[in-house]
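J.: Following this line is data_2.cif, made up of mmCIF, C-alpha atoms:
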data_structure
#
loop_
_atom_site.group_PDB
_atom_site.id
_atom_site.type_symbol
_atom_site.label_atom_id
_atom_site.label_comp_id
_atom_site.auth_asym_id
_atom_site.auth_seq_id
_atom_site.Cartn_x
_atom_site.Cartn_y
_atom_site.Cartn_z
ATOM 1 C CA MET M 1 32.158 8.463 -25.291
ATOM 2 C CA ALA M 2 30.742 5.332 -23.691
ATOM 3 C CA GLN M 3 31.674 6.667 -20.260
ATOM 4 C CA GLN M 4 29.854 9.925 -20.904
ATOM 5 C CA ILE M 5 26.743 8.043 -22.010
ATOM 6 C CA GLU M 6 26.919 5.936 -18.858
ATOM 7 C CA GLU M 7 27.184 9.056 -16.684
ATOM 8 C CA ILE M 8 24.189 10.603 -18.449
ATOM 9 C CA LYS M 9 22.169 7.441 -17.804
ATOM 10 C CA LYS M 10 23.102 7.508 -14.121
ATOM 11 C CA LYS M 11 22.119 11.177 -13.803
ATOM 12 C CA LYS M 12 18.847 10.479 -15.566
ATOM 13 C CA LYS M 13 18.209 7.529 -13.260
ATOM 14 C CA TRP M 14 18.850 9.564 -10.111
ATOM 15 C CA SER M 15 16.695 12.400 -11.465
ATOM 16 C CA ILE M 16 13.806 9.977 -11.866
ATOM 17 C CA TYR M 17 14.339 8.672 -8.323
ATOM 18 C CA LEU M 18 14.384 12.233 -6.979
ATOM 19 C CA ILE M 19 11.140 13.092 -8.766
ATOM 20 C CA LEU M 20 9.504 9.916 -7.440
ATOM 21 C CA ILE M 21 10.626 10.662 -3.872
ATOM 22 C CA ILE M 22 9.249 14.200 -4.074
ATOM 23 C CA ALA M 23 5.976 12.905 -5.508
ATOM 24 C CA ILE M 24 5.670 10.297 -2.729
ATOM 25 C CA VAL M 25 6.312 12.892 -0.019
ATOM 26 C CA ILE M 26 3.769 15.321 -1.478
ATOM 27 C CA THR M 27 1.171 12.599 -1.950
ATOM 28 C CA ASN M 28 1.551 11.170 1.549
ATOM 29 C CA PHE M 29 2.055 14.469 3.369
ATOM 30 C CA PRO M 30 -1.613 14.692 4.509
ATOM 31 C CA LEU M 31 -1.388 11.190 5.996
ATOM 32 C CA ILE M 32 1.898 12.039 7.726
ATOM 33 C CA TRP M 33 0.427 15.253 9.116
ATOM 34 C CA ILE M 34 -2.681 13.444 10.419
ATOM 35 C CA PHE M 35 -0.499 10.800 12.057
ATOM 36 C CA LEU M 36 1.691 13.414 13.769
ATOM 37 C CA THR M 37 -1.312 15.461 14.860
ATOM 38 C CA GLY M 38 -2.739 12.437 16.658
ATOM 39 C CA PHE M 39 0.290 12.421 18.961
ATOM 40 C CA LYS M 40 0.577 16.177 19.530
ATOM 41 C CA PRO M 41 -0.577 17.886 22.720
ATOM 42 C CA SER M 42 -3.733 19.915 22.153
ATOM 43 C CA ASP M 43 -2.080 23.303 22.661
ATOM 44 C CA GLN M 44 0.535 22.569 19.989
ATOM 45 C CA ILE M 45 -2.075 21.379 17.478
ATOM 46 C CA ILE M 46 -3.742 24.802 17.388
ATOM 47 C CA SER M 47 -0.432 26.677 17.349
ATOM 48 C CA THR M 48 -0.271 29.387 14.656
ATOM 49 C CA THR M 49 3.091 28.035 13.499
ATOM 50 C CA PRO M 50 3.592 24.355 12.599
ATOM 51 C CA VAL M 51 5.215 22.311 15.364
ATOM 52 C CA TRP M 52 7.440 19.541 14.023
ATOM 53 C CA PHE M 53 9.311 18.580 17.181
ATOM 54 C CA PHE M 54 7.203 17.776 20.224
ATOM 55 C CA THR M 55 6.817 15.320 23.079
ATOM 56 C CA PRO M 56 4.384 12.629 21.849
ATOM 57 C CA THR M 57 1.265 11.914 23.854
ATOM 58 C CA VAL M 58 -1.352 9.192 23.563
ATOM 59 C CA GLU M 59 -4.097 11.118 25.354
ATOM 60 C CA HIS M 60 -6.132 11.475 22.160
ATOM 61 C CA TYR M 61 -6.075 7.732 21.484
ATOM 62 C CA LEU M 62 -6.940 6.884 25.078
ATOM 63 C CA SER M 63 -9.869 9.284 25.053
ATOM 64 C CA LEU M 64 -11.257 7.577 21.919
ATOM 65 C CA PHE M 65 -11.770 4.281 23.703
ATOM 66 C CA GLN M 66 -13.181 5.842 26.853
ATOM 67 C CA SER M 67 -16.894 6.142 26.140
ATOM 68 C CA THR M 68 -18.303 9.404 27.435
ATOM 69 C CA GLY M 69 -21.962 10.391 27.131
ATOM 70 C CA ASP M 70 -23.378 9.547 23.729
ATOM 71 C CA PHE M 71 -19.944 8.937 22.198
ATOM 72 C CA ASN M 72 -18.942 5.272 21.900
ATOM 73 C CA PHE M 73 -15.926 4.858 19.622
ATOM 74 C CA PRO M 74 -15.497 1.079 20.154
ATOM 75 C CA LEU M 75 -19.118 0.602 19.046
ATOM 76 C CA TYR M 76 -18.542 2.738 15.936
ATOM 77 C CA LEU M 77 -15.423 0.760 15.051
ATOM 78 C CA THR M 78 -17.210 -2.554 15.579
ATOM 79 C CA ASN M 79 -20.174 -1.428 13.479
ATOM 80 C CA SER M 80 -17.895 -0.379 10.629
ATOM 81 C CA LEU M 81 -16.051 -3.695 10.658
ATOM 82 C CA ILE M 82 -19.237 -5.776 10.739
ATOM 83 C CA ILE M 83 -20.991 -3.701 8.074
ATOM 84 C CA THR M 84 -17.982 -3.516 5.754
ATOM 85 C CA VAL M 85 -16.964 -7.175 5.936
ATOM 86 C CA THR M 86 -20.546 -8.428 5.597
ATOM 87 C CA THR M 87 -21.265 -6.081 2.690
ATOM 88 C CA THR M 88 -18.103 -7.124 0.870
ATOM 89 C CA ILE M 89 -18.799 -10.849 1.232
ATOM 90 C CA LEU M 90 -22.449 -10.548 0.216
ATOM 91 C CA SER M 91 -21.573 -8.319 -2.738
ATOM 92 C CA ILE M 92 -19.223 -10.954 -4.141
ATOM 93 C CA ILE M 93 -21.640 -13.824 -3.482
ATOM 94 C CA ILE M 94 -24.554 -12.042 -5.177
ATOM 95 C CA ALA M 95 -22.658 -10.259 -7.965
ATOM 96 C CA TYR M 96 -20.617 -13.219 -9.210
ATOM 97 C CA PRO M 97 -23.540 -15.415 -10.398
ATOM 98 C CA ALA M 98 -25.181 -12.311 -11.873
ATOM 99 C CA ALA M 99 -21.991 -11.424 -13.759
ATOM 100 C CA TYR M 100 -21.640 -14.990 -15.019
ATOM 101 C CA SER M 101 -25.248 -15.045 -16.211
ATOM 102 C CA ILE M 102 -24.847 -11.760 -18.089
ATOM 103 C CA ALA M 103 -21.483 -12.740 -19.582
ATOM 104 C CA ARG M 104 -22.479 -16.217 -20.765
ATOM 105 C CA TYR M 105 -26.237 -16.074 -21.344
ATOM 106 C CA LYS M 106 -26.728 -12.352 -22.126
ATOM 107 C CA THR M 107 -29.343 -12.106 -19.399
ATOM 108 C CA GLY M 108 -31.535 -9.034 -19.810
ATOM 109 C CA GLY M 109 -30.292 -8.236 -23.298
ATOM 110 C CA GLY M 110 -27.330 -6.306 -24.605
ATOM 111 C CA ASN M 111 -27.885 -3.133 -22.552
ATOM 112 C CA TYR M 112 -28.764 -4.796 -19.262
ATOM 113 C CA SER M 113 -25.240 -4.609 -17.837
ATOM 114 C CA PHE M 114 -25.062 -0.902 -18.661
ATOM 115 C CA TRP M 115 -28.402 -0.362 -16.918
ATOM 116 C CA ILE M 116 -26.994 -2.036 -13.804
ATOM 117 C CA LEU M 117 -23.954 0.221 -13.856
ATOM 118 C CA SER M 118 -26.132 3.312 -14.312
ATOM 119 C CA ILE M 119 -27.185 2.963 -10.673
ATOM 120 C CA ARG M 120 -23.639 3.958 -9.740
ATOM 121 C CA MET M 121 -23.791 7.003 -12.008
ATOM 122 C CA LEU M 122 -26.560 8.720 -10.040
ATOM 123 C CA PRO M 123 -25.724 10.845 -6.978
ATOM 124 C CA PRO M 124 -26.318 8.834 -3.786
ATOM 125 C CA ILE M 125 -28.559 11.559 -2.380
ATOM 126 C CA VAL M 126 -31.112 10.808 -5.129
ATOM 127 C CA PHE M 127 -31.996 7.534 -3.382
ATOM 128 C CA LEU M 128 -31.949 8.951 0.145
ATOM 129 C CA VAL M 129 -35.596 10.039 0.439
ATOM 130 C CA PRO M 130 -37.206 6.806 -0.873
ATOM 131 C CA ILE M 131 -34.771 4.686 1.131
ATOM 132 C CA SER M 132 -35.545 6.667 4.292
ATOM 133 C CA ILE M 133 -39.277 6.116 3.772
ATOM 134 C CA LEU M 134 -38.839 2.380 3.183
ATOM 135 C CA PHE M 135 -36.569 2.052 6.203
ATOM 136 C CA ARG M 136 -39.124 3.752 8.418
ATOM 137 C CA ILE M 137 -41.875 1.461 7.152
ATOM 138 C CA TYR M 138 -39.886 -1.754 7.662
ATOM 139 C CA GLY M 139 -38.121 -0.703 10.861
ATOM 140 C CA LEU M 140 -34.594 -0.739 9.426
ATOM 141 C CA THR M 141 -33.605 2.768 10.519
ATOM 142 C CA ASP M 142 -30.567 2.815 12.819
ATOM 143 C CA THR M 143 -29.883 -0.906 12.374
ATOM 144 C CA VAL M 144 -26.732 -2.603 11.187
ATOM 145 C CA MET M 145 -28.754 -4.773 8.807
ATOM 146 C CA GLY M 146 -30.317 -1.676 7.257
ATOM 147 C CA ILE M 147 -26.924 -0.072 6.561
ATOM 148 C CA ILE M 148 -25.696 -3.325 5.017
ATOM 149 C CA VAL M 149 -28.716 -3.430 2.691
ATOM 150 C CA VAL M 150 -28.057 0.146 1.559
ATOM 151 C CA TYR M 151 -24.362 -0.508 0.948
ATOM 152 C CA LEU M 152 -25.252 -3.536 -1.158
ATOM 153 C CA THR M 153 -27.247 -1.308 -3.508
ATOM 154 C CA PHE M 154 -24.130 0.497 -4.739
ATOM 155 C CA ASN M 155 -21.577 -2.296 -4.333
ATOM 156 C CA ILE M 156 -23.391 -5.060 -6.232
ATOM 157 C CA PRO M 157 -23.732 -3.097 -9.527
ATOM 158 C CA PHE M 158 -20.046 -2.206 -9.478
ATOM 159 C CA ALA M 159 -18.952 -5.749 -8.621
ATOM 160 C CA THR M 160 -21.225 -7.227 -11.311
ATOM 161 C CA TRP M 161 -19.920 -4.886 -14.001
ATOM 162 C CA ILE M 162 -16.238 -5.509 -13.222
ATOM 163 C CA MET M 163 -16.449 -9.291 -12.876
ATOM 164 C CA LYS M 164 -18.549 -9.601 -16.029
ATOM 165 C CA SER M 165 -15.662 -8.292 -18.126
ATOM 166 C CA PHE M 166 -13.241 -10.803 -16.593
ATOM 167 C CA ILE M 167 -15.583 -13.739 -17.095
ATOM 168 C CA GLU M 168 -16.004 -12.750 -20.741
ATOM 169 C CA ASP M 169 -12.213 -13.026 -21.170
ATOM 170 C CA ILE M 170 -12.287 -16.724 -20.274
ATOM 171 C CA PRO M 171 -12.542 -18.903 -23.428
ATOM 172 C CA VAL M 172 -15.906 -20.638 -23.611
ATOM 173 C CA ASP M 173 -14.124 -23.730 -24.952
ATOM 174 C CA LEU M 174 -12.771 -24.428 -21.477
ATOM 175 C CA GLU M 175 -16.291 -24.679 -20.099
ATOM 176 C CA ASN M 176 -17.575 -26.697 -23.054
ATOM 177 C CA ALA M 177 -14.754 -29.193 -22.565
ATOM 178 C CA ALA M 178 -15.722 -29.505 -18.901
ATOM 179 C CA TYR M 179 -19.348 -30.162 -19.848
ATOM 180 C CA LEU M 180 -18.182 -32.955 -22.172
ATOM 181 C CA ASP M 181 -16.314 -34.463 -19.234
ATOM 182 C CA GLY M 182 -19.554 -34.616 -17.281
ATOM 183 C CA TYR M 183 -19.192 -31.484 -15.131
ATOM 184 C CA THR M 184 -22.353 -29.800 -13.872
ATOM 185 C CA GLN M 185 -22.981 -26.059 -14.132
ATOM 186 C CA PHE M 186 -21.959 -25.566 -10.522
ATOM 187 C CA GLN M 187 -18.757 -27.600 -10.971
ATOM 188 C CA VAL M 188 -17.812 -25.585 -14.042
ATOM 189 C CA MET M 189 -18.150 -22.348 -12.102
ATOM 190 C CA SER M 190 -16.445 -23.556 -8.926
ATOM 191 C CA LYS M 191 -13.580 -25.536 -10.497
ATOM 192 C CA ILE M 192 -12.849 -23.566 -13.685
ATOM 193 C CA VAL M 193 -14.333 -20.084 -13.785
ATOM 194 C CA VAL M 194 -13.790 -19.066 -10.162
ATOM 195 C CA PRO M 195 -10.078 -20.124 -10.025
ATOM 196 C CA LEU M 196 -9.374 -18.262 -13.267
ATOM 197 C CA THR M 197 -11.024 -15.104 -11.961
ATOM 198 C CA ARG M 198 -9.544 -15.258 -8.460
ATOM 199 C CA SER M 199 -7.517 -12.094 -9.020
ATOM 200 C CA ALA M 200 -10.608 -10.198 -10.181
ATOM 201 C CA ILE M 201 -12.621 -11.402 -7.177
ATOM 202 C CA VAL M 202 -9.971 -10.223 -4.729
ATOM 203 C CA ALA M 203 -9.585 -6.883 -6.538
ATOM 204 C CA VAL M 204 -13.339 -6.265 -6.508
ATOM 205 C CA ALA M 205 -13.551 -7.310 -2.843
ATOM 206 C CA ILE M 206 -10.852 -4.797 -1.883
ATOM 207 C CA ILE M 207 -12.592 -1.975 -3.731
ATOM 208 C CA CYS M 208 -15.974 -2.876 -2.227
ATOM 209 C CA PHE M 209 -14.353 -2.940 1.205
ATOM 210 C CA ILE M 210 -12.914 0.552 0.702
ATOM 211 C CA PHE M 211 -16.198 1.919 -0.682
ATOM 212 C CA SER M 212 -18.154 0.575 2.292
ATOM 213 C CA TRP M 213 -15.595 1.605 4.881
ATOM 214 C CA ASN M 214 -15.416 5.217 3.654
ATOM 215 C CA GLU M 215 -19.160 5.758 3.023
ATOM 216 C CA PHE M 216 -20.573 8.688 4.968
ATOM 217 C CA LEU M 217 -23.900 10.013 3.617
ATOM 218 C CA TYR M 218 -26.152 6.983 4.138
ATOM 219 C CA ALA M 219 -24.556 6.153 7.482
ATOM 220 C CA LEU M 220 -25.132 9.732 8.634
ATOM 221 C CA MET M 221 -28.779 9.955 7.596
ATOM 222 C CA LEU M 222 -29.930 6.410 8.409
ATOM 223 C CA SER M 223 -28.195 5.809 11.743
ATOM 224 C CA PHE M 224 -28.400 7.640 15.057
ATOM 225 C CA THR M 225 -26.892 5.539 17.831
ATOM 226 C CA ASN M 226 -26.951 1.768 17.380
ATOM 227 C CA ALA M 227 -25.636 1.596 13.781
ATOM 228 C CA THR M 228 -23.334 4.625 13.742
ATOM 229 C CA THR M 229 -20.170 3.931 11.763
ATOM 230 C CA LEU M 230 -16.623 5.158 12.241
ATOM 231 C CA THR M 231 -16.879 7.918 9.636
ATOM 232 C CA VAL M 232 -19.978 9.399 11.256
ATOM 233 C CA GLY M 233 -18.538 8.983 14.748
ATOM 234 C CA THR M 234 -15.382 10.845 13.757
ATOM 235 C CA ALA M 235 -17.463 13.736 12.426
ATOM 236 C CA SER M 236 -19.035 14.144 15.865
ATOM 237 C CA PHE M 237 -15.815 15.766 17.074
ATOM 238 C CA VAL M 238 -16.818 18.862 15.115
ATOM 239 C CA THR M 239 -19.178 20.618 17.502
ATOM 240 C CA GLY M 240 -20.647 24.064 17.987
ATOM 241 C CA TYR M 241 -18.134 24.672 20.776
ATOM 242 C CA GLY M 242 -15.027 23.821 18.796
ATOM 243 C CA ILE M 243 -13.181 21.224 16.758
ATOM 244 C CA GLN M 244 -11.252 18.544 18.601
ATOM 245 C CA TRP M 245 -8.433 18.157 16.098
ATOM 246 C CA GLY M 246 -6.418 15.726 18.192
ATOM 247 C CA LYS M 247 -9.265 13.231 18.495
ATOM 248 C CA ILE M 248 -10.149 13.639 14.816
ATOM 249 C CA ALA M 249 -6.538 12.869 13.836
ATOM 250 C CA ALA M 250 -6.403 9.882 16.173
ATOM 251 C CA ALA M 251 -9.713 8.517 14.881
ATOM 252 C CA ALA M 252 -8.626 9.083 11.273
ATOM 253 C CA THR M 253 -5.383 7.200 11.922
ATOM 254 C CA VAL M 254 -7.315 4.261 13.371
ATOM 255 C CA ALA M 255 -9.716 4.367 10.421
ATOM 256 C CA ILE M 256 -6.858 4.249 7.914
ATOM 257 C CA ILE M 257 -5.329 1.077 9.351
ATOM 258 C CA PRO M 258 -7.933 -1.466 8.050
ATOM 259 C CA THR M 259 -7.901 -0.097 4.495
ATOM 260 C CA LEU M 260 -4.110 0.004 4.403
ATOM 261 C CA THR M 261 -3.936 -3.536 5.768
ATOM 262 C CA VAL M 262 -6.401 -4.854 3.194
ATOM 263 C CA GLY M 263 -4.597 -2.968 0.430
ATOM 264 C CA PHE M 264 -1.148 -4.307 1.360
ATOM 265 C CA ILE M 265 -2.378 -7.876 1.748
ATOM 266 C CA GLY M 266 -4.206 -7.885 -1.570
ATOM 267 C CA GLN M 267 -2.014 -5.538 -3.617
ATOM 268 C CA LYS M 268 -0.688 -8.401 -5.734
ATOM 269 C CA TYR M 269 -4.197 -9.489 -6.668
ATOM 270 C CA LEU M 270 -5.399 -5.902 -6.995
ATOM 271 C CA VAL M 271 -2.805 -4.978 -9.617
ATOM 272 C CA ARG M 272 -3.172 -8.248 -11.491
ATOM 273 C CA GLY M 273 -6.944 -8.189 -11.345
ATOM 274 C CA LEU M 274 -7.350 -4.619 -12.587
ATOM 275 C CA THR M 275 -4.684 -4.708 -15.312
ATOM 276 C CA MET M 276 -4.173 -8.220 -16.669
ATOM 277 C CA GLY M 277 -7.583 -9.797 -16.346
ATOM 278 C CA ALA M 278 -8.087 -13.390 -15.284
ATOM 279 C CA VAL M 279 -6.424 -15.288 -18.106
ATOM 280 C CA LYS M 280 -2.653 -15.485 -17.963
#
The structure in this file should be written as structure tokens.

T.:
Amino acid sequence: MAQQIEEIKKKKKWSIYLILIIAIVITNFPLIWIFLTGFKPSDQIISTTPVWFFTPTVEHYLSLFQSTGDFNFPLYLTNSLIITVTTTILSIIIAYPAAYSIARYKTGGGNYSFWILSIRMLPPIVFLVPISILFRIYGLTDTVMGIIVVYLTFNIPFATWIMKSFIEDIPVDLENAAYLDGYTQFQVMSKIVVPLTRSAIVAVAIICFIFSWNEFLYALMLSFTNATTLTVGTASFVTGYGIQWGKIAAAATVAIIPTLTVGFIGQKYLVRGLTMGAVK
């Protein structure tokens, strides 16, 4: 009887593994297909039947980094990195004090934090016309600084809302004890609150990085040449004369690498920060 139960458990275990493997393959199939397409010759990409076995080529990747005409992929990649990293850092620096103020001093009243989050609830296109007018007035159109300012408008509310909940989980007694020991407000935040919310900070930074890296609408409408990002540059392969699938796949593969790298590096903090909070 015990042996039969053991066999049933093993079968159940392998069934779960099989289901997980199938789910992983289905979920990652688009990424696998994009990766393979980036190495396929152009004639095999547009073949009516899927081609699984082929002689790999790097012509699509080489053509990305060879600037031709108005297309400058290295510039787009550099712009995306500068804009994304700067936006992420500034979002954390600005949102953290705001979250602390709301969590500890109820700044703005009880509904103020919800009002901040409501900015994220509106469709981005709602803000496009007034932002375009302001950018034209202040000369921020097609500038890296202008794109960073726009990205901050939707990253700061999200970062403030998330970090506020983690700060609220920290017992106030810890801070009061530090004040009794002679700590200043800045020392309390830097030596007590920030270390306890390190996981939340990293988790929010990763999400802000992904949001900024993948943003398309504002970058498309507010940049033309100098501040064009990777997402907009990749879309330029869709022309009135045809779609360059090989270059799109190659550019998409390059664009995936930073987000995957950030995700793998910070996955420990991401899971802990979004599930357990800051207090162990």

J.: Tell me, in Å to one decimal, how far CA of Phe224 in chain M is from CA of Arg120 in chain M.

T.: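 That distance, rounded to one decimal, is 25.5 Å.
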
J.: Of the candidates M:Val126, M:Ile102, M:Ile22, M:Val202, which one gets nearest to Phe114 in chain M if we count only C-alpha atoms?

T.: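 Ranked by minimum distance to Phe114 in chain M, first place goes to M:Ile102.
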
J.: Quick one: pull the distance between CA of Thr57 in chain M and CA of Phe39 in chain M, Å, one decimal.

T.: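 Between these atoms lies a distance of 5.0 Å.
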
J.: If we count all atoms listed in the file and set the cut-off at 9 Å, which residues sit around range 204-220 of chain M, ignoring sequence neighbours fewer than 4 positions away in its own chain? Please answer as number ranges by chain.

T.: M: 80-81, 83-85, 87-89, 91-92, 124-125, 128, 142, 147-148, 150-152, 155-156, 158-159, 162-163, 199-200, 224, 227-232, 255, 258-259, 262-263, 266, 270, 273-274

J.: Work out how far apart CA of Phe65 in chain M and CA of Trp33 in chain M are and give it in Å to one decimal.

T.: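 The value is 22.0 Å.
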
J.: Kindly list the centre and edge lengths in Å, rounded to one decimal, for the axis-aligned box that covers all listed atoms of range 227-239 of chain M plus 4 Å on each of its six sides, as lines of an AutoDock Vina configuration file.

T.:
center_x = -20.5
center_y = 11.1
center_z = 13.6
size_x = 18.3
size_y = 27.0
size_z = 15.9

J.: Within 10 Å of range 235-244 of chain M, counting all atoms listed in the file, which residues show up once you throw out same-chain ones fewer than 5 positions away? Write them as a list in words, please.

T.: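 So the residues in contact are Ser42, Ile45, Ile46, His60, Phe71, Phe216, Leu220, Leu230, Ala249 and Ala251 of chain M.
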
J.: Which residue is closest to Phe127 in chain M? Choose from M:Phe29, M:Thr153, M:Ile248, M:Ser165 and count all atoms listed in the file.

T.: M:Thr153

J.: Can you turn the PyMOL selection byres ((chain M and resi 97) around 12) into a concrete residue list for this file, as a short mmCIF file (atom, residue, chain, number, x, y, z; two decimals) with C-alpha atoms, in the coordinates of the input?

T.:
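Output file out.cif is given in full below:
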data_model
loop_
_atom_site.label_atom_id
_atom_site.label_comp_id
_atom_site.auth_asym_id
_atom_site.auth_seq_id
_atom_site.Cartn_x
_atom_site.Cartn_y
_atom_site.Cartn_z
CA LEU M 90 -22.45 -10.55 0.22
CA SER M 91 -21.57 -8.32 -2.74
CA ILE M 92 -19.22 -10.95 -4.14
CA ILE M 93 -21.64 -13.82 -3.48
CA ILE M 94 -24.55 -12.04 -5.18
CA ALA M 95 -22.66 -10.26 -7.96
CA TYR M 96 -20.62 -13.22 -9.21
CA ALA M 98 -25.18 -12.31 -11.87
CA ALA M 99 -21.99 -11.42 -13.76
CA TYR M 100 -21.64 -14.99 -15.02
CA SER M 101 -25.25 -15.04 -16.21
CA ILE M 102 -24.85 -11.76 -18.09
CA ALA M 103 -21.48 -12.74 -19.58
CA ARG M 104 -22.48 -16.22 -20.76
CA TYR M 105 -26.24 -16.07 -21.34
CA THR M 107 -29.34 -12.11 -19.40
CA ILE M 156 -23.39 -5.06 -6.23
CA ALA M 159 -18.95 -5.75 -8.62
CA THR M 160 -21.22 -7.23 -11.31
CA TRP M 161 -19.92 -4.89 -14.00
CA MET M 163 -16.45 -9.29 -12.88
CA LYS M 164 -18.55 -9.60 -16.03
CA ILE M 167 -15.58 -13.74 -17.10
CA GLN M 185 -22.98 -26.06 -14.13
CA PHE M 186 -21.96 -25.57 -10.52
CA MET M 189 -18.15 -22.35 -12.10
CA SER M 190 -16.44 -23.56 -8.93
CA VAL M 193 -14.33 -20.08 -13.78
CA VAL M 194 -13.79 -19.07 -10.16
#
